[in-house]
Amino acid sequence: MRNDDLEIAEVPTDDRPGDGWMFDAEGQGSRTWTGKRQQIGLAATLTFAILFGSAFAFVPRSVLFKPGPLSSPHAQILAGTLTSERCSACHQDAALSTLGSDSAAHSQSQLCLNCHEQMMDRSLATKAHNLPSSVRDQLSAKIRRSGSTTSLVSSALIPTANLDHENVACSTCHKEHHGADADLNAMTNAQCQSCHSVRFGAFATSHPDWDSWPYGRGGEIAFDHVTHLRKHSKSAADAERLQCARCHPSGNSLTGGIELARSASYEIGCAACHDEGLTVQAATGIAVLTIPTIPASSADGIGWPDLAVGFPDGVIPPLTELLLRSDPEVAAALRRLPKGDVSAILKDDMDETTQVIARAIRKLMIDVSDRGQDALLERLVASGLTPDTLMPVIRSLPPQWFGDSTWFEESMAPTLGYHTPEPFRLASFGDSDEESLTGDDLLGDGDLLDENESLGDGDLLGSEDLMGEDALLEDPLANGSSDPLAEPVSPSDQNWAVEPSSLVPRGGWYRDNVRLTIRYRGRGHSDEVLASMIETFAQLSHGDQLRDRFFELPSVKACVECHASATRFPSLWRSSPKIGDRSQFTKFAHGPHLNVSALGDCVHCHQVNELPSELTLGEPGADATVEPSEFHPITRESCAACHTPAAAGDDCTTCHRYHIGP
Amino acid sequence: MKDIHFTTRRMIGASITLLAIAVCWVIAQWESARLGRPAIATGVTALIGLFGLVLLGVRRRIPFWPLGNASIWTQVHIYVGFFTTAIYFIHVPRIIGDGIFECFLSLLFLSVSVSGFYGLFISRTLPKKLAAIEGQHRFDRMVWHRDEIAKTASGVVEKLTDSATSRVLGTFYGKVLQPFFSSRPSLAYVIAPNGNRRRQLLGDLKELDRYLESDGRTAAGKFAALVRRRDDLDYQFALQLRLRTWLVFHGLLSIVLIIVAVVHAVLAFRFTG
């Protein structure tokens with residue numbers, strides 16, 4: 001039996017809700033739950049304040065507030081900076097000690113460029129694709145012309161980017177503070193396409209087809225695969241020479257030893273078949289100066305060589321014309337010569353034109369002989385060219401040759417005495433009308449070697465002349481006619497005939513006294529003098545006839561037929577690998593592809609188009625703007641065989657780069 | 001106005017919450033795809049959600065204002081809590097932040113969220129348990145009740161007249177019941193209240209019956225009733241203490257969370273390039 005009839009007192013009803021204290025009948029106080037809660041709240045607030053205060057006091061703010069570790073490259077760079085300066089390296093408002101922001105501070109992208117300015121032009125860095133809007137517009141128009149359209153699904157699912165394409169911040173795409181291994185270049189396909197007017201879905205099904213990529217991108221070396229394979233693969237030796245790997249070996253150090261070379265060296269790939277022909281072509285040489293034959297009526301009174309007086313004949317070399325045409329009057333006269341050919345001049349203009357040109361040539365020769373290389377440099381600059389490219393010519397060409405009076409009998413005399421050392425003179429001076437050397441000739445009576453006081457009695461060499469009867473001690477100009485070199489040299493007295501192949505068989509400068517020309521004979525492949533001339537003329541605009549005339553010269557043509565890119569400015573002579581080339585939107589590396597056994601055979605992808613003209617230009621609707629390729633195009637389908645989301649990936653960034661640079 | 005059925009109300013609330021979460025997720029994905037800053041949109045949304053959640057505490061402190069039924073406020077608080085938690089997961093790149101401050105913030109958020117879900121659980125279960133117990137005691141008066149039970153038990157012992165009964169029950173009271181009535185419930189019991197102690201004591205009292213006469217059994221019955229009343233009181237105390245402790249923990253952390261989240265927002269806007 002249980003008895004629940006208990007006598008328990010009723011609970012007091014004098015509570016006051018919300019009070020922190022409660023008192024019993026004896027007046028003993030105790031905390032209510034409200035009081036305890038207030039106590040706990042106070043303790044928690046104090047704990048929180050102490051925790052935060054300690055964190056502020058003992059942990060650097062850059063560590064305390066850093067939202068996460070930086071990516072490894074940035075972390076390594078900032079590891080060497082002071083802890084207090086790490087935030088401000090990338091954030092313009094990093095001065096946590098002040099609440100206001102520095103309005104004059106650079107934007108964050110500009111801070112990025114403090115380190116990355118080597119990779120891109122600062123002025124283009126924040127423009128979409130690092131390209132000016134005009135270039136982007138051209139590319140967009142090209143894509144629209146190609147007929148690519150946006151699918152309805154893609155248009156609905158991919159939003160339009162809400163950013164100014166002229167001011168795209170680095171942080172728009174590159175998200176930091178996501179850990180050491182985070183991919184700063186991680187971008188989704190939708191993000192890439194949000195800026196583009198033409199959008200599509202999966203690569204395999206809706207990516208636009210491309211015309212001829214990877215072909216048609218130009219190249220520094222012109223090489224006709226079709227001709228070589230069709231005509232020169234008859235013998236086993238030829239077939240061996242035309243193996244792909246011979247000219248495109250792997251192991252390019254630039255790409256870590258896995259990428260293929262774009263072309264072999266001349267010695268390995270070309271010399272065996274082409275060296276002899278190239279030597280023959282280069283042997284024709286190139287004239288730097290030619291004295292044209294002009295009529296006697298024009299030559300009268302200008303001291304023109306007798307050898308160059310007669311019916312109009314000769315061609316003004318392009319280099320001579322380049323050095324002359326900074327003078328407007330001369331330029332106008334030169335323009336009247338079709339392709340520099342004096343013989344083609346119209347009879348009405350003959351006297352005036354030839355006289356102007358003849359005087360200009362003579363002045364050029366005086367100028368160069370008088371002031372040497374400086375005269376050449378100044379004339380190039382006056383023509384609007386960068387003279388640095390012509391340095392190999394300027395360094396190797398003796399200026400004395402311009403003043404050598406073998407061709408001229410009297411007009412060059414005053415200048416020759418100034419620069420040309422006496423032993424090398426080939427002809428004496430006649431009476432000169434040059435003011436600087438008349439009468440008070442420095443080498444006349446007061447010849448330094450004759451009565452120089454410093455070499456008198458007190459001379460260290462003593463009173464006896466150590467050189468004895470050296471003929472060079474006698475002033476060759478003092479007694480005029482007694483000097484054998486002072487006698488005018490007639491053509492019949494010298495060996496005028498010049499055979500370059502025997503005179504300069506290994507290449508070099510020579511004077512042809514029959515043709516009255518100074519010429520250069522190339523030494524074969526990699527001739528730096530010829531190369532410098534080509535680089536100089538490459539600076540001229542494409543509409544310039546002088547440029548065309550120069551590149552038509554046989555010895556020049558022999559160079560630029562293969563080195564087509566040398567005619568661009570700046571000239572490019574060697575083929576550079578496309579890997580790492582930031583000027584292309586599309587990137588490709590052979591390395592990973594060659595690991596696939598089926599792709600190890602080059603012809604799996606690169607099939608030579610034996611009949612390019614029939615296959616490309618002959619097809620109805622063929623794009624006439626696309627240059628016929630010597631290879632069959634690589635189709636999207638062949639790439640899409642592997643490039644799917646589940647296999648090799650089909651992200652935009654797999655094949656395309658964003659930052660386009662020079 | 002006719003009350004909406006609980007199930008219908010829950011369906012409507014859950015649907016609206018899920019719809020809001022889905023809309024925010026789509027906006028975040030859309031903003032990300034258009035190279036915008038989805039973290040700003042989701043962060044601001046989460047911060048607004050936090051402020052909205054705190055409003056419940058404000059509402060409870062001003063019950064006299066005509067701001068609607070507290071029950072509705074609690075319902076809204078629960079759904080906003082779910083919504084804000086979902087927005088947090090959309091907002092953060094990883095559940096627990098890497099940096100010191102970010103890690104603290106994320107742990108705070110997760111603690112408040114987990115405590116909120118726990119609060120949701122106990123607010124659905126404990127009231128039923130409390131209602132099942134006889135007597136409704138104010139938490140602040142539980143000590144008084146405990147003392148009164150102890151006094152009553154002591155009075156029962158003092159009223160025993162039969163020497164044999166007095167010896168048997170007095171010995172049992174002195175060794176077992178007096179410590180039980182005079183002491184606070186143990187921490188283990190407060191954390192996990194159960195009926196073991198009650199069953200043990202009642203079983204022991206039952207065992208004494210064979211040594212007792214009628215009066216003694218009556219006294220033992222009173223002791224058994226006092227044991228049950230004390231155990232019920234302790235059970236109420238444990239459950240109420242659990243609810244109140246959760247509320248303090250959840251509320252305090254929420255306030256700290258709001259402060260830290262505001263600091264985070266200020267830093268995020270300052271450092272956004």
# chains A, B, ... in the order shown; residues from 1 in each chain; ligands from 1

$ closest_atom_pairs --of "chain B" --to "chain A" --cutoff "6 Å" --atoms "only C-alpha atoms" --output "tab-separated table"
residue	atom	partner	partner_atom	distance
B:Ala33	CA	A:Gln191	CA	4.5
B:Arg34	CA	A:Ala161	CA	4.1
B:Leu35	CA	A:Ala161	CA	5.9
B:Asp98	CA	A:Gly68	CA	4.5
B:Gly99	CA	A:Gly68	CA	4.4
B:Ile100	CA	A:Leu64	CA	5.4
B:Phe101	CA	A:Phe65	CA	5.4
B:Glu102	CA	A:Pro67	CA	5.7
B:Asp140	CA	A:Thr32	CA	5.6
B:Gly221	CA	A:Arg2	CA	3.7
B:Lys222	CA	A:Asn3	CA	4.9
B:Ala225	CA	A:Asp4	CA	5.3
B:Gly273	CA	A:Gln108	CA	5.3

$ write_last_selection --atoms "N, CA and C atoms" --output "tab-separated table (two decimals), in the first residue's frame"
chain	number	residue	atom	x	y	z
B	33	ALA	N	28.73	32.24	-63.50
B	33	ALA	CA	28.92	32.02	-64.94
B	33	ALA	C	29.13	33.32	-65.69
B	34	ARG	N	28.57	34.40	-65.19
B	34	ARG	CA	28.74	35.68	-65.89
B	34	ARG	C	29.92	36.45	-65.32
B	35	LEU	N	30.82	35.73	-64.64
B	35	LEU	CA	32.06	36.30	-64.12
B	35	LEU	C	31.79	37.42	-63.12
B	98	ASP	N	39.77	28.32	-44.15
B	98	ASP	CA	41.19	28.05	-43.98
B	98	ASP	C	41.87	29.03	-43.04
B	99	GLY	N	41.55	30.31	-43.20
B	99	GLY	CA	42.21	31.31	-42.37
B	99	GLY	C	41.73	31.24	-40.93
B	100	ILE	N	42.48	31.90	-40.04
B	100	ILE	CA	42.14	31.84	-38.61
B	100	ILE	C	40.75	32.46	-38.38
B	101	PHE	N	40.59	33.67	-38.87
B	101	PHE	CA	39.32	34.36	-38.67
B	101	PHE	C	38.18	33.64	-39.38
B	102	GLU	N	38.46	33.22	-40.62
B	102	GLU	CA	37.43	32.53	-41.39
B	102	GLU	C	37.07	31.20	-40.74
B	140	ASP	N	12.93	28.26	-11.12
B	140	ASP	CA	13.57	28.94	-10.00
B	140	ASP	C	13.07	28.42	-8.65
B	221	GLY	N	5.02	3.75	2.33
B	221	GLY	CA	4.29	4.25	1.16
B	221	GLY	C	4.47	5.74	0.97
B	222	LYS	N	4.52	6.48	2.11
B	222	LYS	CA	4.75	7.92	1.99
B	222	LYS	C	6.16	8.21	1.46
B	225	ALA	N	6.09	7.67	-2.17
B	225	ALA	CA	5.47	8.80	-2.87
B	225	ALA	C	6.42	9.99	-2.94
B	273	GLY	N	38.85	43.34	-54.78
B	273	GLY	CA	39.61	44.13	-55.73
B	273	GLY	C	38.74	44.73	-56.79

$ residues_around --residues "Ser115 of chain B" --least-positions-apart "2" --cutoff "8 Å" --atoms "only C-alpha atoms" --output "list in words"
Ser111, Val112, Ser113, Phe117, Tyr118, Gly119, Trp246, Phe249 and His250 of chain B

$ write_last_selection --atoms "C-alpha atoms" --output "tab-separated table (two decimals), in the first residue's frame"
chain	number	residue	atom	x	y	z
B	111	SER	CA	27.89	25.68	-33.93
B	112	VAL	CA	24.90	27.99	-34.04
B	113	SER	CA	23.38	25.97	-36.86
B	117	PHE	CA	18.82	22.04	-35.19
B	118	TYR	CA	19.29	20.48	-31.75
B	119	GLY	CA	16.99	23.13	-30.33
B	246	TRP	CA	20.60	25.31	-25.03
B	249	PHE	CA	24.26	28.70	-25.69
B	250	HIS	CA	22.39	29.30	-28.96

$ residues_around --residues "segment 336-341 of chain A" --least-positions-apart "6" --cutoff "8 Å" --atoms "only C-alpha atoms" --output "MDAnalysis selection string"
chainID A and resid 313:318 353 545:546 549

$ closest_residue --among "A:Leu322, A:Asp300, A:Trp509, A:Ser383" --to "Pro399 of chain A" --atoms "only C-alpha atoms"
A:Trp509

$ atom_distance --atom1 "atom CA of Asp367 of chain A" --atom2 "atom CA of Val330 of chain A"
15.4 Å

$ atom_distance --atom1 "atom CA of Glu220 of chain A" --atom2 "atom CA of Val556 of chain A"
16.0 Å

$ closest_residue --among "B:Tyr211, B:Pro127, B:Ser106, B:Ala188" --to "Phe172 of chain B" --atoms "only C-alpha atoms"
B:Tyr211

$ atom_distance --atom1 "atom CA of Val260 of chain B" --atom2 "atom CA of Leu107 of chain B"
11.2 Å

$ residues_around --residues "Leu105 of chain B" --least-positions-apart "4" --cutoff "9 Å" --atoms "only C-alpha atoms" --output "ChimeraX atom specification"
/B:96-97,100-101,109-110,257,260-261,264

$ residues_around --residues "Ala180 of chain A" --least-positions-apart "6" --cutoff "8 Å" --atoms "only C-alpha atoms" --output "JSON, numbers by chain"
{"A": [69, 70, 71, 72, 75]}

$ write_last_selection --atoms "all heavy atoms" --output "PDB file, in the first residue's frame"
ATOM      1  N   PRO A  69      45.075  30.121 -47.381  1.00  0.00           N
ATOM      2  CA  PRO A  69      46.436  30.114 -47.930  1.00  0.00           C
ATOM      3  C   PRO A  69      46.446  30.556 -49.386  1.00  0.00           C
ATOM      4  O   PRO A  69      45.514  30.294 -50.140  1.00  0.00           O
ATOM      5  CB  PRO A  69      46.869  28.650 -47.807  1.00  0.00           C
ATOM      6  CG  PRO A  69      45.913  28.029 -46.863  1.00  0.00           C
ATOM      7  CD  PRO A  69      44.636  28.778 -46.977  1.00  0.00           C
ATOM      8  N   LEU A  70      47.530  31.220 -49.763  1.00  0.00           N
ATOM      9  CA  LEU A  70      47.713  31.619 -51.158  1.00  0.00           C
ATOM     10  C   LEU A  70      48.142  30.419 -51.982  1.00  0.00           C
ATOM     11  O   LEU A  70      48.593  29.407 -51.444  1.00  0.00           O
ATOM     12  CB  LEU A  70      48.783  32.709 -51.258  1.00  0.00           C
ATOM     13  CG  LEU A  70      48.444  34.059 -50.627  1.00  0.00           C
ATOM     14  CD1 LEU A  70      49.685  34.926 -50.586  1.00  0.00           C
ATOM     15  CD2 LEU A  70      47.351  34.744 -51.415  1.00  0.00           C
ATOM     16  N   SER A  71      48.021  30.544 -53.276  1.00  0.00           N
ATOM     17  CA  SER A  71      48.563  29.509 -54.158  1.00  0.00           C
ATOM     18  C   SER A  71      50.080  29.500 -54.010  1.00  0.00           C
ATOM     19  O   SER A  71      50.688  30.516 -53.638  1.00  0.00           O
ATOM     20  CB  SER A  71      48.163  29.786 -55.604  1.00  0.00           C
ATOM     21  OG  SER A  71      48.665  31.042 -55.992  1.00  0.00           O
ATOM     22  N   SER A  72      50.660  28.366 -54.313  1.00  0.00           N
ATOM     23  CA  SER A  72      52.096  28.191 -54.067  1.00  0.00           C
ATOM     24  C   SER A  72      52.968  29.275 -54.699  1.00  0.00           C
ATOM     25  O   SER A  72      53.848  29.821 -54.030  1.00  0.00           O
ATOM     26  CB  SER A  72      52.546  26.816 -54.574  1.00  0.00           C
ATOM     27  OG  SER A  72      51.992  25.831 -53.771  1.00  0.00           O
ATOM     28  N   ALA A  75      52.532  32.474 -52.737  1.00  0.00           N
ATOM     29  CA  ALA A  75      53.016  32.298 -51.363  1.00  0.00           C
ATOM     30  C   ALA A  75      54.537  32.331 -51.326  1.00  0.00           C
ATOM     31  O   ALA A  75      55.137  32.913 -50.422  1.00  0.00           O
ATOM     32  CB  ALA A  75      52.500  30.982 -50.796  1.00  0.00           C
TER      33      ALA A  75
END

$ decode --residues "segment 108-186 of chain B" --atoms "C-alpha atoms" --output "short mmCIF file (atom, residue, chain, number, x, y, z; two decimals), in the first residue's frame"
data_model
loop_
_atom_site.label_atom_id
_atom_site.label_comp_id
_atom_site.auth_asym_id
_atom_site.auth_seq_id
_atom_site.Cartn_x
_atom_site.Cartn_y
_atom_site.Cartn_z
CA LEU B 108 30.70 29.71 -35.03
CA PHE B 109 28.17 29.43 -37.81
CA LEU B 110 28.22 25.67 -37.73
CA SER B 111 27.89 25.68 -33.93
CA VAL B 112 24.90 27.99 -34.04
CA SER B 113 23.38 25.97 -36.86
CA VAL B 114 23.88 22.65 -35.11
CA SER B 115 22.58 24.07 -31.84
CA GLY B 116 19.62 25.43 -33.72
CA PHE B 117 18.82 22.04 -35.19
CA TYR B 118 19.29 20.48 -31.75
CA GLY B 119 16.99 23.13 -30.33
CA LEU B 120 14.45 22.24 -32.98
CA PHE B 121 14.70 18.61 -31.91
CA ILE B 122 14.38 19.21 -28.17
CA SER B 123 11.66 21.80 -28.61
CA ARG B 124 9.69 19.07 -30.36
CA THR B 125 10.40 16.32 -27.81
CA LEU B 126 10.96 17.80 -24.35
CA PRO B 127 7.60 19.56 -23.95
CA LYS B 128 5.85 16.22 -24.38
CA LYS B 129 8.05 14.66 -21.74
CA LEU B 130 7.49 17.55 -19.40
CA ALA B 131 3.78 17.45 -19.93
CA ALA B 132 3.76 13.76 -19.07
CA ILE B 133 5.10 14.44 -15.58
CA GLU B 134 2.81 15.29 -12.74
CA GLY B 135 3.17 18.83 -11.56
CA GLN B 136 4.44 21.95 -13.24
CA HIS B 137 7.26 23.59 -11.34
CA ARG B 138 8.91 26.86 -12.07
CA PHE B 139 12.58 26.36 -12.56
CA ASP B 140 13.57 28.94 -10.00
CA ARG B 141 11.36 27.23 -7.35
CA MET B 142 12.74 23.76 -7.81
CA VAL B 143 15.17 24.15 -4.95
CA TRP B 144 12.31 25.17 -2.71
CA HIS B 145 10.34 22.13 -3.80
CA ARG B 146 13.36 19.92 -3.22
CA ASP B 147 13.72 21.28 0.32
CA GLU B 148 10.04 20.83 1.03
CA ILE B 149 10.16 17.20 -0.04
CA ALA B 150 13.17 16.66 2.17
CA LYS B 151 11.39 18.29 5.10
CA THR B 152 8.29 16.19 4.57
CA ALA B 153 10.40 13.02 4.46
CA SER B 154 12.10 14.03 7.68
CA GLY B 155 8.67 14.62 9.26
CA VAL B 156 7.55 11.13 8.26
CA VAL B 157 10.52 9.62 10.05
CA GLU B 158 9.95 11.68 13.14
CA LYS B 159 6.33 10.52 13.37
CA LEU B 160 7.26 6.83 13.57
CA THR B 161 6.34 5.42 16.99
CA ASP B 162 6.75 1.67 16.75
CA SER B 163 10.31 0.81 17.72
CA ALA B 164 10.72 -2.01 15.22
CA THR B 165 9.34 0.06 12.39
CA SER B 166 11.31 3.06 13.50
CA ARG B 167 14.49 1.03 13.52
CA VAL B 168 13.97 -0.46 10.10
CA LEU B 169 12.74 2.66 8.30
CA GLY B 170 14.96 5.00 10.29
CA THR B 171 18.03 3.04 9.33
CA PHE B 172 16.97 2.96 5.66
CA TYR B 173 16.09 6.67 5.71
CA GLY B 174 19.39 7.62 7.30
CA LYS B 175 21.51 5.58 4.94
CA VAL B 176 19.63 5.93 1.66
CA LEU B 177 16.70 8.31 1.60
CA GLN B 178 18.10 11.21 3.53
CA PRO B 179 21.10 11.67 1.18
CA PHE B 180 18.74 11.32 -1.78
CA PHE B 181 16.28 13.96 -0.57
CA SER B 182 18.83 16.43 0.68
CA SER B 183 21.24 16.48 -2.27
CA ARG B 184 20.97 17.94 -5.79
CA PRO B 185 20.60 15.50 -8.65
CA SER B 186 23.93 14.25 -9.93
#
